[in-house]
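Here the structure is laid out as structure tokens; the discussion comes afterwards.
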Amino acid sequence: MGKLFAAVGGVLLLLLLAIAAGASSLLSPATAGAIRPSARALADIPASYLALYRTAAATCPGLDWSTLAAIGKIETDHGRSPLPGVRSGSNYAGAQGPMQFLRPTFDSVIAKRPPPRGGATPPSPYNPHDAIHTAAAYLCQSGARHNADLRAAIFAYNHADWYVSQVLAQARTYRSSHPASTPVTAASAAPARSALRAVSYAQDQLGLPYVWGGDGPTAGDPGFDCSGLTKAAYTAAGITLPRTAQQQYAAGPRLPRGAPLLPGDLVFYGRPDGGIHHIGLYIGDRKMIDAPGRSKNIRIAPYRYAGDDYAGATRPTKNS
């Protein structure tokens with residue numbers, strides 16, 4: 001796997017930080033996944049990538065999302081690097097995509113553990129969804145499962161001790177030092193685990209048809225309508241929502257107008273005083289998962305705000 005952009009000086013600095021921190025950088029299975037993103041992580045990681053890191057990490061017991069995010073940062077700055085091999089082609093070492101997979105490695109991993117639905121068909125190392133889920137699977141099979149040997153897992157990703165140290169150092173900067181009981185503020189807000197589960201479920205339904213009144217394959221329907229999809233997504237996350245878009249809007253809790261949205265928030269369209277006619281599941285980067293209407297499939301679509309009939313957003317909780 002190619003490292004694209006870190007300067008030697010930055011490598012040495014991070015290596016020194018890693019040595020100073022020592023073994024405390026390794027997470028126990030009990031704490032992995034319970035750590036919130038730090039303010040630095042929220043400022044640096046695109047919301048859609050953060051959601052993918054967290055949902056993909058959840059597929060490997062003991063793997064913390066910050067390790068995946070650190071690899072994504074070091075390899076391609078979360079897909080933002082303009083260098084060859086990120087969006088097409090390969091870099092000098094043959095690596096491809098936002099997680100910089102060698103194609104034979106990518107193909108061997110997905111042959112054993114295909115990424116969930118929501119990416120490209122067939123899976124592609126250039127697709128962030130496919131790349132990040134495949135990176136989680138590769139780390140999992142290389143020692144990250146149950147935190148058996150995280151260093152060995154990272155070393156398998158790129159055979160260099162300095163790389164392991166740099167990933168661990170970067171991961172520490174992405175993890176909040178606040179305990180899970182610390183109240184969430186506007187500066188430290190991050191999606192709840194239930195919201196990420198809802199996003200993951202909805203991603204798995206991409207490509208299914210829109211069906212008026214549809215509640216999905218588990219209910220005997222080939223697809224969903226807009227509120228059927230959001231209800232099913234949150235049911236998968238352990239939260240029960242009413243059936244219709246109007247009822248879900250009324251159930252709340254509503255966000256103040258203009259409040260920053262997080263992945264998992266529900267966005268509504270219609271009149272703010274009633275008459276809600278459509279709903280989507282926000283996933284970050286001004287995008288939502290949308291069941292758009294008859295003769296169309298569930299898709300990722302732009303989240304619209306100004307100049308349309310956007311009515312507001314809610315953030316479902318177990319107390320909704």
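Each chain in the structure tokens gets a letter, A, B, ..., in the order shown, and its residues are numbered from 1; ligands are numbered from 1 in order too.
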Run DSSP on the backbone of this structure and report the residues of range 64-261 of chain A it assigns to strand (DSSP E), as a list in words.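 Selection result, strand (DSSP E) within range 64-261 of chain A: Ala95, Gln96, Phe101 and Leu102 of chain A.
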Can those selected residues be exported to a file as an mmCIF file, in the first residue's frame so that it contains C-alpha atoms?
data_model
loop_
_atom_site.group_PDB
_atom_site.id
_atom_site.type_symbol
_atom_site.label_atom_id
_atom_site.label_comp_id
_atom_site.auth_asym_id
_atom_site.auth_seq_id
_atom_site.Cartn_x
_atom_site.Cartn_y
_atom_site.Cartn_z
ATOM 1 C CA ALA A 95 -2.047 1.282 -5.043
ATOM 2 C CA GLN A 96 -5.588 2.400 -5.836
ATOM 3 C CA PHE A 101 -5.257 -1.022 -1.956
ATOM 4 C CA LEU A 102 -3.094 -3.091 -4.228
#
Between range 53-103 of chain A and range 169-175 of chain A, at 7 Å or less, what are the per-residue closest atom pairs and their distances in Å? Count only C-alpha atoms, order by chain and rising residue number, and return it as JSON lines.
{"residue": "A:Ser66", "atom": "CA", "partner": "A:Ala171", "partner_atom": "CA", "distance": 4.9}
{"residue": "A:Thr67", "atom": "CA", "partner": "A:Ala171", "partner_atom": "CA", "distance": 5.4}
{"residue": "A:Ala70", "atom": "CA", "partner": "A:Ala171", "partner_atom": "CA", "distance": 5.0}
Take the selection from the previous step and output its residues with all heavy atoms, as a PDB file, in the first residue's frame.
ATOM      1  N   SER A  66     -11.172   4.876  14.750  1.00  0.00           N
ATOM      2  CA  SER A  66     -10.074   5.828  14.595  1.00  0.00           C
ATOM      3  C   SER A  66      -8.882   5.223  13.867  1.00  0.00           C
ATOM      4  O   SER A  66      -8.127   5.939  13.198  1.00  0.00           O
ATOM      5  CB  SER A  66      -9.635   6.372  15.959  1.00  0.00           C
ATOM      6  OG  SER A  66      -9.136   5.334  16.779  1.00  0.00           O
ATOM      7  N   THR A  67      -8.704   3.900  13.967  1.00  0.00           N
ATOM      8  CA  THR A  67      -7.620   3.251  13.229  1.00  0.00           C
ATOM      9  C   THR A  67      -7.890   3.319  11.725  1.00  0.00           C
ATOM     10  O   THR A  67      -6.999   3.657  10.930  1.00  0.00           O
ATOM     11  CB  THR A  67      -7.461   1.795  13.669  1.00  0.00           C
ATOM     12  OG1 THR A  67      -7.216   1.748  15.086  1.00  0.00           O
ATOM     13  CG2 THR A  67      -6.309   1.125  12.944  1.00  0.00           C
ATOM     14  N   ALA A  70      -7.394   6.886  10.631  1.00  0.00           N
ATOM     15  CA  ALA A  70      -5.980   7.257  10.559  1.00  0.00           C
ATOM     16  C   ALA A  70      -5.345   6.733   9.282  1.00  0.00           C
ATOM     17  O   ALA A  70      -4.553   7.433   8.629  1.00  0.00           O
ATOM     18  CB  ALA A  70      -5.237   6.723  11.785  1.00  0.00           C
TER      19      ALA A  70
END
Using only C-alpha atoms, which protein or nucleic acid residues come within 9 Å of Ile289 in chain A? Drop anything in the same chain fewer than 4 positions from it, and give the result as a ChimeraX atom specification. /A:199,202-203,206,280-283,298-303
Residues of the last selection are to be written out with C-alpha atoms, as a short mmCIF file (atom, residue, chain, number, x, y, z; two decimals), in the first residue's frame.
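The result, stored in result_20.cif:
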data_model
loop_
_atom_site.label_atom_id
_atom_site.label_comp_id
_atom_site.auth_asym_id
_atom_site.auth_seq_id
_atom_site.Cartn_x
_atom_site.Cartn_y
_atom_site.Cartn_z
CA VAL A 199 -27.23 4.82 8.16
CA ALA A 202 -30.14 2.33 4.76
CA GLN A 203 -26.91 2.01 2.76
CA LEU A 206 -29.47 1.26 -2.02
CA GLY A 280 -34.68 11.42 3.77
CA LEU A 281 -31.88 10.05 5.95
CA TYR A 282 -28.95 12.47 6.13
CA ILE A 283 -25.50 10.87 5.75
CA ILE A 298 -33.34 4.10 -3.47
CA ARG A 299 -30.29 6.29 -3.99
CA ILE A 300 -27.88 8.80 -2.50
CA ALA A 301 -29.08 12.27 -3.43
CA PRO A 302 -28.17 15.86 -2.59
CA TYR A 303 -29.69 17.15 0.61
#
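Candidate residues A:Pro253, A:Gly284, A:Gly270, A:Pro260 were compared for distance to Pro46 in chain A, and the nearest is A:Gly284, using only C-alpha atoms.
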Measuring between only C-alpha atoms, which one of A:Gly94, A:Gly252, A:Pro122, A:Pro61 shows the shortest distance to Ala137 in chain A? A:Pro61
List the spatial neighbours of Ala245 in chain A as a compact mmCIF listing (two decimals) with C-alpha atoms, in the first residue's frame - criterion: any atom at most 10 Å away, only C-alpha atoms, same-chain residues fewer than 6 positions off excluded.
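That gives us result31.txt:
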# COMPACT_ATOMS: atom_id res chain seq x y z
CA ASP A 225 -41.30 4.23 0.31
CA CYS A 226 -39.48 7.14 1.97
CA SER A 227 -40.90 6.78 5.49
CA GLY A 228 -40.89 2.99 5.30
CA THR A 230 -36.43 5.52 7.62
CA LYS A 231 -38.66 3.50 9.95
CA ALA A 251 -42.37 12.56 16.85
CA LEU A 266 -34.01 12.76 9.38
CA VAL A 267 -34.68 15.61 6.93
CA PHE A 268 -38.23 16.54 5.99
CA TYR A 269 -39.88 18.30 3.09
CA GLY A 270 -43.26 20.02 3.08
CA GLY A 275 -48.27 18.74 5.34
CA ILE A 276 -44.97 16.83 5.31
CA HIS A 277 -44.75 14.86 2.07
CA HIS A 278 -41.18 13.51 1.97
CA ILE A 279 -38.34 12.38 4.23
CA GLY A 280 -34.68 11.42 3.77
